[in-house]
>>> print(open('run_39.json').read())   # JSON, C-alpha atoms
[["chain", "number", "residue", "atom", "x", "y", "z"],
["K", 1, "MET", "CA", 90.66, 75.19, 102.46],
["K", 2, "SER", "CA", 90.42, 74.14, 98.83],
["K", 3, "GLN", "CA", 90.65, 76.51, 95.89],
["K", 4, "ALA", "CA", 87.12, 75.46, 94.90],
["K", 5, "ALA", "CA", 85.79, 76.49, 98.31],
["K", 6, "THR", "CA", 87.37, 79.93, 98.19],
["K", 7, "SER", "CA", 86.15, 80.60, 94.65],
["K", 8, "GLU", "CA", 82.54, 79.84, 95.69],
["K", 9, "GLN", "CA", 82.53, 82.55, 98.34],
["K", 10, "GLU", "CA", 79.70, 84.93, 97.45],
["K", 11, "PRO", "CA", 80.78, 88.52, 96.68],
["K", 12, "ALA", "CA", 79.52, 91.66, 98.36],
["K", 13, "PHE", "CA", 78.85, 94.72, 96.22],
["K", 14, "ILE", "CA", 79.58, 98.40, 96.77],
["K", 15, "GLU", "CA", 78.76, 101.44, 94.68],
["K", 16, "VAL", "CA", 81.66, 103.62, 93.57],
["K", 17, "GLY", "CA", 81.42, 106.93, 91.74],
["K", 18, "GLU", "CA", 78.59, 109.38, 91.28],
["K", 19, "GLY", "CA", 75.78, 109.97, 88.81],
["K", 20, "SER", "CA", 76.28, 108.36, 85.43],
["K", 21, "GLY", "CA", 79.77, 107.31, 86.58],
["K", 22, "THR", "CA", 78.45, 105.03, 89.32],
["K", 23, "ARG", "CA", 79.50, 101.40, 89.03],
["K", 24, "ARG", "CA", 78.83, 98.27, 91.09],
["K", 25, "ILE", "CA", 82.02, 96.65, 92.37],
["K", 26, "ALA", "CA", 82.17, 93.00, 93.44],
["K", 27, "VAL", "CA", 84.29, 92.29, 96.54],
["K", 28, "ARG", "CA", 85.22, 89.10, 98.37],
["K", 29, "ALA", "CA", 86.43, 89.89, 101.88],
["K", 30, "ARG", "CA", 87.63, 87.27, 104.33],
["K", 31, "ALA", "CA", 87.94, 88.37, 107.97],
["K", 32, "ALA", "CA", 90.87, 87.29, 110.11],
["K", 33, "SER", "CA", 89.66, 84.48, 112.38],
["K", 34, "GLY", "CA", 89.91, 80.82, 113.27],
["K", 35, "PRO", "CA", 92.32, 78.49, 115.06],
["K", 36, "GLY", "CA", 95.12, 79.20, 112.56],
["K", 37, "SER", "CA", 94.95, 82.94, 113.10],
["K", 38, "THR", "CA", 98.26, 84.73, 113.57],
["K", 39, "THR", "CA", 97.68, 87.49, 116.12],
["K", 40, "GLY", "CA", 98.39, 90.88, 114.61],
["K", 41, "ALA", "CA", 99.49, 89.47, 111.27],
["K", 42, "PRO", "CA", 98.72, 91.75, 108.32],
["K", 43, "GLY", "CA", 95.75, 91.10, 106.09],
["K", 44, "LEU", "CA", 96.11, 90.57, 102.34],
["K", 45, "PHE", "CA", 94.73, 92.94, 99.72],
["K", 46, "TRP", "CA", 94.77, 91.70, 96.13],
["K", 47, "LEU", "CA", 95.00, 93.96, 93.07],
["K", 48, "GLY", "CA", 94.59, 92.07, 89.80],
["K", 49, "GLY", "CA", 95.87, 92.78, 86.33],
["K", 50, "PHE", "CA", 94.49, 94.36, 83.18],
["K", 51, "LYS", "CA", 91.55, 92.27, 81.88],
["K", 52, "SER", "CA", 91.88, 89.72, 84.71],
["K", 53, "ASP", "CA", 89.62, 89.02, 87.68],
["K", 54, "MET", "CA", 89.71, 87.96, 91.31],
["K", 55, "THR", "CA", 89.17, 84.25, 90.56],
["K", 56, "GLY", "CA", 92.56, 83.79, 88.90],
["K", 57, "THR", "CA", 95.08, 81.21, 90.09],
["K", 58, "LYS", "CA", 97.24, 83.60, 92.14],
["K", 59, "ALA", "CA", 94.31, 85.37, 93.82],
["K", 60, "ILE", "CA", 92.63, 82.09, 94.79],
["K", 61, "ALA", "CA", 95.89, 80.62, 96.10],
["K", 62, "LEU", "CA", 96.53, 83.69, 98.27],
["K", 63, "ASP", "CA", 92.97, 83.59, 99.60],
["K", 64, "ALA", "CA", 93.36, 79.90, 100.46],
["K", 65, "TRP", "CA", 96.66, 80.60, 102.25],
["K", 66, "ALA", "CA", 95.05, 83.45, 104.18],
["K", 67, "ALA", "CA", 92.17, 81.19, 105.21],
["K", 68, "GLU", "CA", 94.59, 78.48, 106.34],
["K", 69, "HIS", "CA", 96.46, 80.95, 108.52],
["K", 70, "GLY", "CA", 93.41, 82.80, 109.80],
["K", 71, "ARG", "CA", 94.41, 86.02, 108.06],
["K", 72, "GLY", "CA", 92.14, 88.53, 106.40],
["K", 73, "CYS", "CA", 92.05, 88.70, 102.60],
["K", 74, "VAL", "CA", 90.24, 91.15, 100.34],
["K", 75, "ARG", "CA", 89.84, 90.67, 96.59],
["K", 76, "PHE", "CA", 87.70, 92.59, 94.12],
["K", 77, "ASP", "CA", 87.08, 93.11, 90.41],
["K", 78, "TYR", "CA", 87.68, 96.46, 88.76],
["K", 79, "SER", "CA", 84.70, 97.84, 86.83],
["K", 80, "GLY", "CA", 84.37, 96.10, 83.48],
["K", 81, "HIS", "CA", 86.11, 93.03, 84.91],
["K", 82, "GLY", "CA", 84.76, 89.77, 86.31],
["K", 83, "GLU", "CA", 81.64, 90.15, 88.42],
["K", 84, "SER", "CA", 81.70, 93.95, 88.69],
["K", 85, "GLY", "CA", 79.47, 96.21, 86.66],
["K", 86, "GLY", "CA", 80.45, 98.65, 83.95],
["K", 87, "GLU", "CA", 82.04, 98.28, 80.54],
["K", 88, "PHE", "CA", 85.72, 97.44, 80.13],
["K", 89, "ALA", "CA", 86.01, 100.06, 77.38],
["K", 90, "ASP", "CA", 85.02, 102.76, 79.87],
["K", 91, "GLY", "CA", 87.89, 101.88, 82.18],
["K", 92, "THR", "CA", 90.86, 104.14, 82.92],
["K", 93, "ILE", "CA", 93.70, 104.01, 85.41],
["K", 94, "GLY", "CA", 92.10, 106.80, 87.46],
["K", 95, "ARG", "CA", 88.71, 105.06, 87.45],
["K", 96, "TRP", "CA", 90.20, 101.75, 88.61],
["K", 97, "LEU", "CA", 92.33, 103.54, 91.19],
["K", 98, "GLU", "CA", 89.21, 105.19, 92.63],
["K", 99, "GLU", "CA", 87.69, 101.72, 93.01],
["K", 100, "SER", "CA", 90.86, 100.34, 94.61],
["K", 101, "VAL", "CA", 90.93, 103.13, 97.18],
["K", 102, "ALA", "CA", 87.21, 102.70, 97.91],
["K", 103, "VAL", "CA", 87.49, 98.95, 98.49],
["K", 104, "PHE", "CA", 90.65, 99.29, 100.59],
["K", 105, "SER", "CA", 89.07, 102.01, 102.72],
["K", 106, "GLN", "CA", 85.82, 100.15, 103.28],
["K", 107, "PHE", "CA", 87.02, 96.57, 103.80],
["K", 108, "CYS", "CA", 90.54, 96.77, 105.28],
["K", 109, "ARG", "CA", 91.48, 97.43, 108.89],
["K", 110, "GLY", "CA", 94.95, 97.45, 110.42],
["K", 111, "PRO", "CA", 98.17, 96.54, 108.60],
["K", 112, "GLN", "CA", 97.86, 95.11, 105.09],
["K", 113, "VAL", "CA", 100.18, 93.46, 102.60],
["K", 114, "VAL", "CA", 99.07, 94.71, 99.18],
["K", 115, "ILE", "CA", 99.77, 92.23, 96.39],
["K", 116, "GLY", "CA", 99.58, 93.68, 92.88],
["K", 117, "SER", "CA", 99.92, 91.69, 89.66],
["K", 118, "SER", "CA", 100.90, 93.41, 86.40],
["K", 119, "MET", "CA", 98.61, 96.45, 86.19],
["K", 120, "GLY", "CA", 97.82, 95.69, 89.82],
["K", 121, "GLY", "CA", 101.44, 96.55, 90.59],
["K", 122, "TRP", "CA", 100.84, 100.04, 89.22],
["K", 123, "MET", "CA", 97.62, 100.25, 91.22],
["K", 124, "ALA", "CA", 99.45, 99.16, 94.37],
["K", 125, "LEU", "CA", 102.03, 101.93, 93.99],
["K", 126, "LEU", "CA", 99.31, 104.53, 93.34],
["K", 127, "LEU", "CA", 97.28, 103.22, 96.29],
["K", 128, "ALA", "CA", 100.34, 103.47, 98.55],
["K", 129, "ARG", "CA", 100.83, 107.09, 97.50],
["K", 130, "GLU", "CA", 97.18, 107.86, 98.15],
["K", 131, "ILE", "CA", 97.30, 106.26, 101.62],
["K", 132, "MET", "CA", 100.38, 108.34, 102.50],
["K", 133, "ARG", "CA", 98.61, 111.50, 101.34],
["K", 134, "ARG", "CA", 95.49, 110.84, 103.38],
["K", 135, "GLY", "CA", 97.16, 109.67, 106.61],
["K", 136, "ASN", "CA", 95.35, 108.52, 109.77],
["K", 137, "ALA", "CA", 93.59, 105.75, 107.88],
["K", 138, "LYS", "CA", 91.97, 102.77, 109.57],
["K", 139, "ALA", "CA", 94.18, 100.51, 107.43],
["K", 140, "GLN", "CA", 97.90, 100.89, 106.82],
["K", 141, "LEU", "CA", 100.49, 99.34, 104.53],
["K", 142, "ALA", "CA", 102.73, 96.64, 105.99],
["K", 143, "GLY", "CA", 104.34, 96.11, 102.59],
["K", 144, "LEU", "CA", 103.90, 95.66, 98.86],
["K", 145, "VAL", "CA", 104.41, 92.44, 96.88],
["K", 146, "LEU", "CA", 104.51, 93.27, 93.18],
["K", 147, "ILE", "CA", 104.27, 90.50, 90.57],
["K", 148, "ALA", "CA", 105.54, 91.47, 87.10],
["K", 149, "PRO", "CA", 104.59, 95.07, 87.98],
["K", 150, "ALA", "CA", 103.59, 97.28, 85.08],
["K", 151, "PRO", "CA", 103.61, 100.92, 86.23],
["K", 152, "ASP", "CA", 103.07, 103.39, 83.38],
["K", 153, "PHE", "CA", 102.24, 100.52, 81.02],
["K", 154, "THR", "CA", 99.72, 102.53, 79.01],
["K", 155, "GLU", "CA", 102.53, 104.86, 77.95],
["K", 156, "GLU", "CA", 105.74, 102.81, 78.18],
["K", 157, "LEU", "CA", 104.52, 99.38, 77.12],
["K", 158, "MET", "CA", 101.57, 100.31, 74.93],
["K", 159, "TRP", "CA", 101.69, 103.74, 73.30],
["K", 160, "LYS", "CA", 105.46, 103.93, 72.77],
["K", 161, "GLY", "CA", 105.48, 100.44, 71.31],
["K", 162, "PHE", "CA", 102.49, 100.84, 68.99],
["K", 163, "SER", "CA", 103.06, 101.19, 65.26],
["K", 164, "PRO", "CA", 102.12, 104.47, 63.56],
["K", 165, "GLU", "CA", 99.10, 102.66, 62.10],
["K", 166, "ILE", "CA", 97.80, 101.57, 65.49],
["K", 167, "ARG", "CA", 98.36, 105.02, 66.96],
["K", 168, "ALA", "CA", 96.48, 106.58, 64.07],
["K", 169, "GLU", "CA", 93.55, 104.19, 64.57],
["K", 170, "ILE", "CA", 93.36, 105.04, 68.28],
["K", 171, "GLU", "CA", 93.56, 108.77, 67.57],
["K", 172, "THR", "CA", 90.98, 108.78, 64.77],
["K", 173, "LYS", "CA", 88.55, 106.04, 65.87],
["K", 174, "GLY", "CA", 89.13, 106.37, 69.60],
["K", 175, "VAL", "CA", 89.80, 102.64, 70.00],
["K", 176, "TRP", "CA", 91.91, 99.75, 68.71],
["K", 177, "LEU", "CA", 91.05, 96.08, 69.28],
["K", 178, "ARG", "CA", 94.19, 94.41, 70.58],
["K", 179, "PRO", "CA", 94.65, 90.66, 70.00],
["K", 180, "SER", "CA", 95.01, 88.66, 73.21],
["K", 181, "GLU", "CA", 96.66, 85.39, 74.21],
["K", 182, "TYR", "CA", 94.91, 85.42, 77.58],
["K", 183, "GLY", "CA", 91.43, 84.48, 78.74],
["K", 184, "ASP", "CA", 89.27, 83.26, 75.86],
["K", 185, "GLY", "CA", 91.57, 84.86, 73.31],
["K", 186, "SER", "CA", 89.07, 87.56, 72.31],
["K", 187, "PRO", "CA", 90.61, 90.91, 71.35],
["K", 188, "TYR", "CA", 90.03, 93.74, 73.80],
["K", 189, "PRO", "CA", 89.67, 97.49, 73.29],
["K", 190, "ILE", "CA", 92.52, 99.91, 73.90],
["K", 191, "THR", "CA", 90.85, 103.31, 74.00],
["K", 192, "ARG", "CA", 92.22, 106.78, 73.48],
["K", 193, "ASN", "CA", 90.79, 107.69, 76.86],
["K", 194, "LEU", "CA", 92.76, 104.88, 78.54],
["K", 195, "ILE", "CA", 96.00, 106.14, 77.01],
["K", 196, "GLU", "CA", 95.40, 109.84, 77.61],
["K", 197, "GLU", "CA", 94.01, 109.50, 81.15],
["K", 198, "GLY", "CA", 96.87, 107.16, 82.07],
["K", 199, "ARG", "CA", 99.28, 110.06, 81.61],
["K", 200, "ASN", "CA", 97.83, 111.60, 84.78],
["K", 201, "HIS", "CA", 99.23, 108.72, 86.84],
["K", 202, "LEU", "CA", 102.75, 108.11, 85.49],
["K", 203, "LEU", "CA", 105.30, 107.22, 88.18],
["K", 204, "LEU", "CA", 108.60, 106.27, 86.57],
["K", 205, "GLY", "CA", 109.74, 109.82, 85.89],
["K", 206, "SER", "CA", 110.55, 110.56, 89.53],
["K", 207, "LYS", "CA", 111.16, 109.03, 92.96],
["K", 208, "ILE", "CA", 108.41, 106.74, 94.24],
["K", 209, "ASP", "CA", 108.03, 106.82, 98.02],
["K", 210, "VAL", "CA", 105.70, 104.10, 99.30],
["K", 211, "GLY", "CA", 106.71, 104.13, 102.97],
["K", 212, "CYS", "CA", 106.91, 100.35, 103.37],
["K", 213, "PRO", "CA", 108.95, 97.28, 102.34],
["K", 214, "VAL", "CA", 108.64, 96.18, 98.70],
["K", 215, "ARG", "CA", 109.14, 92.72, 97.21],
["K", 216, "ILE", "CA", 109.12, 92.36, 93.41],
["K", 217, "LEU", "CA", 108.91, 89.08, 91.50],
["K", 218, "GLN", "CA", 109.70, 89.25, 87.79],
["K", 219, "GLY", "CA", 109.95, 86.58, 85.10],
["K", 220, "ALA", "CA", 112.94, 86.93, 82.79],
["K", 221, "GLN", "CA", 110.89, 85.36, 79.96],
["K", 222, "ASP", "CA", 107.96, 87.78, 80.36],
["K", 223, "PRO", "CA", 106.83, 88.90, 76.87],
["K", 224, "ASP", "CA", 104.40, 91.54, 78.18],
["K", 225, "VAL", "CA", 106.37, 93.32, 80.91],
["K", 226, "PRO", "CA", 110.10, 93.08, 80.11],
["K", 227, "TRP", "CA", 112.47, 92.52, 83.02],
["K", 228, "LYS", "CA", 114.08, 95.88, 82.27],
["K", 229, "HIS", "CA", 110.80, 97.50, 83.28],
["K", 230, "ALA", "CA", 111.18, 96.00, 86.77],
["K", 231, "PHE", "CA", 114.70, 97.40, 86.97],
["K", 232, "ALA", "CA", 113.43, 100.85, 86.00],
["K", 233, "LEU", "CA", 110.92, 100.63, 88.85],
["K", 234, "VAL", "CA", 113.53, 99.52, 91.40],
["K", 235, "HIS", "CA", 115.68, 102.54, 90.54],
["K", 236, "ARG", "CA", 112.76, 104.82, 91.47],
["K", 237, "LEU", "CA", 112.08, 103.17, 94.83],
["K", 238, "PRO", "CA", 113.95, 103.93, 98.07],
["K", 239, "ALA", "CA", 117.10, 101.85, 98.52],
["K", 240, "GLU", "CA", 116.06, 100.38, 101.86],
["K", 241, "ASP", "CA", 114.05, 97.14, 102.07],
["K", 242, "VAL", "CA", 113.37, 96.69, 98.36],
["K", 243, "VAL", "CA", 114.09, 93.21, 96.98],
["K", 244, "LEU", "CA", 113.79, 92.17, 93.33],
["K", 245, "THR", "CA", 113.62, 88.43, 92.62],
["K", 246, "MET", "CA", 114.32, 87.50, 88.99],
["K", 247, "ILE", "CA", 112.81, 84.16, 87.96],
["K", 248, "GLN", "CA", 114.91, 83.06, 85.02],
["K", 249, "ASP", "CA", 112.34, 80.72, 83.44],
["K", 250, "GLY", "CA", 109.30, 82.74, 84.55],
["K", 251, "ASP", "CA", 106.72, 84.18, 82.14],
["K", 252, "HIS", "CA", 104.19, 86.95, 82.71],
["K", 253, "ARG", "CA", 101.61, 84.85, 84.54],
["K", 254, "LEU", "CA", 103.92, 83.52, 87.28],
["K", 255, "SER", "CA", 101.12, 81.11, 88.21],
["K", 256, "ARG", "CA", 103.03, 77.80, 88.37],
["K", 257, "PRO", "CA", 103.16, 76.06, 91.78],
["K", 258, "GLN", "CA", 106.75, 77.18, 92.30],
["K", 259, "ASP", "CA", 105.80, 80.77, 91.42],
["K", 260, "ILE", "CA", 102.86, 80.71, 93.84],
["K", 261, "ALA", "CA", 105.21, 79.43, 96.55],
["K", 262, "ARG", "CA", 107.59, 82.35, 95.92],
["K", 263, "ILE", "CA", 104.72, 84.86, 96.08],
["K", 264, "ILE", "CA", 103.43, 83.44, 99.36],
["K", 265, "ALA", "CA", 106.97, 83.40, 100.78],
["K", 266, "ALA", "CA", 107.31, 87.11, 99.93],
["K", 267, "VAL", "CA", 104.01, 87.87, 101.67],
["K", 268, "ALA", "CA", 105.01, 85.84, 104.73],
["K", 269, "GLU", "CA", 108.42, 87.54, 104.88],
["K", 270, "ILE", "CA", 106.80, 90.95, 105.25],
["K", 271, "GLY", "CA", 104.77, 89.72, 108.19]]
>>> encode(input="run_39.json", output="structure tokens")
Amino acid sequence: MSQAATSEQEPAFIEVGEGSGTRRIAVRARAASGPGSTTGAPGLFWLGGFKSDMTGTKAIALDAWAAEHGRGCVRFDYSGHGESGGEFADGTIGRWLEESVAVFSQFCRGPQVVIGSSMGGWMALLLAREIMRRGNAKAQLAGLVLIAPAPDFTEELMWKGFSPEIRAEIETKGVWLRPSEYGDGSPYPITRNLIEEGRNHLLLGSKIDVGCPVRILQGAQDPDVPWKHAFALVHRLPAEDVVLTMIQDGDHRLSRPQDIARIIAAVAEIG
């Protein structure tokens, strides 16, 4: 199936949240079926990055691979992203996690490989913890594939790296417009609420038990999530069945054909 065909799949919409906090979340869910179907093979669940959407190169490539092999694949946009409702400036880690859990619970059945890119890597780890807490779910984790994962990025990669002037602007005005080299290049808001609420979800200060195999792909030339951040994450994960692949010439996107091939290979290795 071509990338164009997968991107034209019409989204479904679900409502997440209550009252004034309700938002409309766009989801593209592909059921496992067809002559290429691998019996019992895990489905794929995609978690995108900060200010990205489910029609990016990696998400589309994974959906196409899933279609080719008859495997299920679920993608969605966080609120304030892509085709979902809500304002980006209202977003927080907890808000986007609530949406991730809701989509996973409603659209996934059986074993799943959760693939998280950048912020999606943080979401994947938080989702895994939430699934372990709940237990007896209709969908379970077969493994995690984390691409340039950015757990705790609001604190470790944003707040701690901001200049005193930027911190002061966030504290006094409640928001700072951060320049961007991605998308259309428009600056995007970093809010005080994003920073402060993110502190409720920090993971790197203690052991992270996800209860499944983990594969991490990290570019050594990544300017946004330094390779040392991936090492810090590995040290917090259980020793068994955790593999970190360092791509020496890789950047943050890891969207080149050879990068996509590595990502798919990691998914296929899990099952």
>>> residues_around(input="run_39.json", residues="Ala59 (chain K)", least_positions_apart="2", cutoff="10 Å", atoms="only C-alpha atoms", output="PyMOL selection string")
chain K and resi 3+6-7+45-48+53-57+61-65+73-76+115-117+255+260
>>> atom_distance(input="run_39.json", atom1="CA of Lys58 (chain K)", atom2="CA of Glu155 (chain K)")
26.1 Å
>>> atom_distance(input="run_39.json", atom1="CA of Val225 (chain K)", atom2="CA of Arg192 (chain K)")
20.9 Å
>>> closest_residue(input="run_39.json", among="K:Glu15, K:Asp77, K:Glu269, K:Asp251", to="Ile147 (chain K)", atoms="all atoms listed in the file")
K:Asp251
>>> residues_around(input="run_39.json", residues="Ile25 (chain K)", least_positions_apart="4", cutoff="8 Å", atoms="all atoms listed in the file", output="ChimeraX atom specification")
/K:13-16,76-79,83-85,99
>>> atom_distance(input="run_39.json", atom1="CA of Asp152 (chain K)", atom2="CA of Ala230 (chain K)")
11.5 Å
>>> closest_residue(input="run_39.json", among="K:Lys228, K:Arg23, K:Arg236, K:Arg167", to="Ile208 (chain K)", atoms="all atoms listed in the file")
K:Arg236
>>> residues_near_point(input="run_39.json", point="(101.1, 80.7, 101.5)", cutoff="12 Å", atoms="only C-alpha atoms", output="ChimeraX atom specification")
/K:1,44,58-71,257-269,271
>>> closest_residue(input="run_39.json", among="K:His81, K:Lys160, K:Arg129, K:Arg28", to="His201 (chain K)", atoms="all atoms listed in the file")
K:Arg129
>>> residues_around(input="run_39.json", residues="Gln218 (chain K)", least_positions_apart="3", cutoff="9 Å", atoms="all atoms listed in the file", output="VMD selection string")
chain K and resid 146 to 149 221 to 222 225 to 227 230 244 to 248 250 to 252 254
>>> residues_around(input="run_39.json", residues="Glu130 (chain K)", least_positions_apart="6", cutoff="12 Å", atoms="all atoms listed in the file", output="NGL selection string")
:K and (94 or 97-98 or 100-102 or 104-105 or 123-124 or 136-137 or 140-141 or 201 or 208-211)
>>> write_last_selection(input="run_39.json", atoms="C-alpha atoms", output="PDB file, keeping the file's coordinate frame")
ATOM      1  CA  GLY K  94      92.100 106.800  87.460  1.00  0.00           C
ATOM      2  CA  LEU K  97      92.330 103.540  91.190  1.00  0.00           C
ATOM      3  CA  GLU K  98      89.210 105.190  92.630  1.00  0.00           C
ATOM      4  CA  SER K 100      90.860 100.340  94.610  1.00  0.00           C
ATOM      5  CA  VAL K 101      90.930 103.130  97.180  1.00  0.00           C
ATOM      6  CA  ALA K 102      87.210 102.700  97.910  1.00  0.00           C
ATOM      7  CA  PHE K 104      90.650  99.290 100.590  1.00  0.00           C
ATOM      8  CA  SER K 105      89.070 102.010 102.720  1.00  0.00           C
ATOM      9  CA  MET K 123      97.620 100.250  91.220  1.00  0.00           C
ATOM     10  CA  ALA K 124      99.450  99.160  94.370  1.00  0.00           C
ATOM     11  CA  ASN K 136      95.350 108.520 109.770  1.00  0.00           C
ATOM     12  CA  ALA K 137      93.590 105.750 107.880  1.00  0.00           C
ATOM     13  CA  GLN K 140      97.900 100.890 106.820  1.00  0.00           C
ATOM     14  CA  LEU K 141     100.490  99.340 104.530  1.00  0.00           C
ATOM     15  CA  HIS K 201      99.230 108.720  86.840  1.00  0.00           C
ATOM     16  CA  ILE K 208     108.410 106.740  94.240  1.00  0.00           C
ATOM     17  CA  ASP K 209     108.030 106.820  98.020  1.00  0.00           C
ATOM     18  CA  VAL K 210     105.700 104.100  99.300  1.00  0.00           C
ATOM     19  CA  GLY K 211     106.710 104.130 102.970  1.00  0.00           C
TER      20      GLY K 211
END
>>> closest_residue(input="run_39.json", among="K:Tyr188, K:Trp122, K:Ser163, K:Pro179", to="Glu87 (chain K)", atoms="all atoms listed in the file")
K:Tyr188
>>> closest_residue(input="run_39.json", among="K:Val114, K:Ile131, K:Ala142, K:Ala150", to="Phe50 (chain K)", atoms="only C-alpha atoms")
K:Ala150
>>> closest_residue(input="run_39.json", among="K:Ser33, K:Asp224, K:Arg178, K:Gly143", to="Gln112 (chain K)", atoms="all atoms listed in the file")
K:Gly143
>>> residues_around(input="run_39.json", residues="Val145 (chain K)", least_positions_apart="3", cutoff="6 Å", atoms="only C-alpha atoms", output="list in words")
Ile115, Val214, Arg215 and Ile216 of chain K
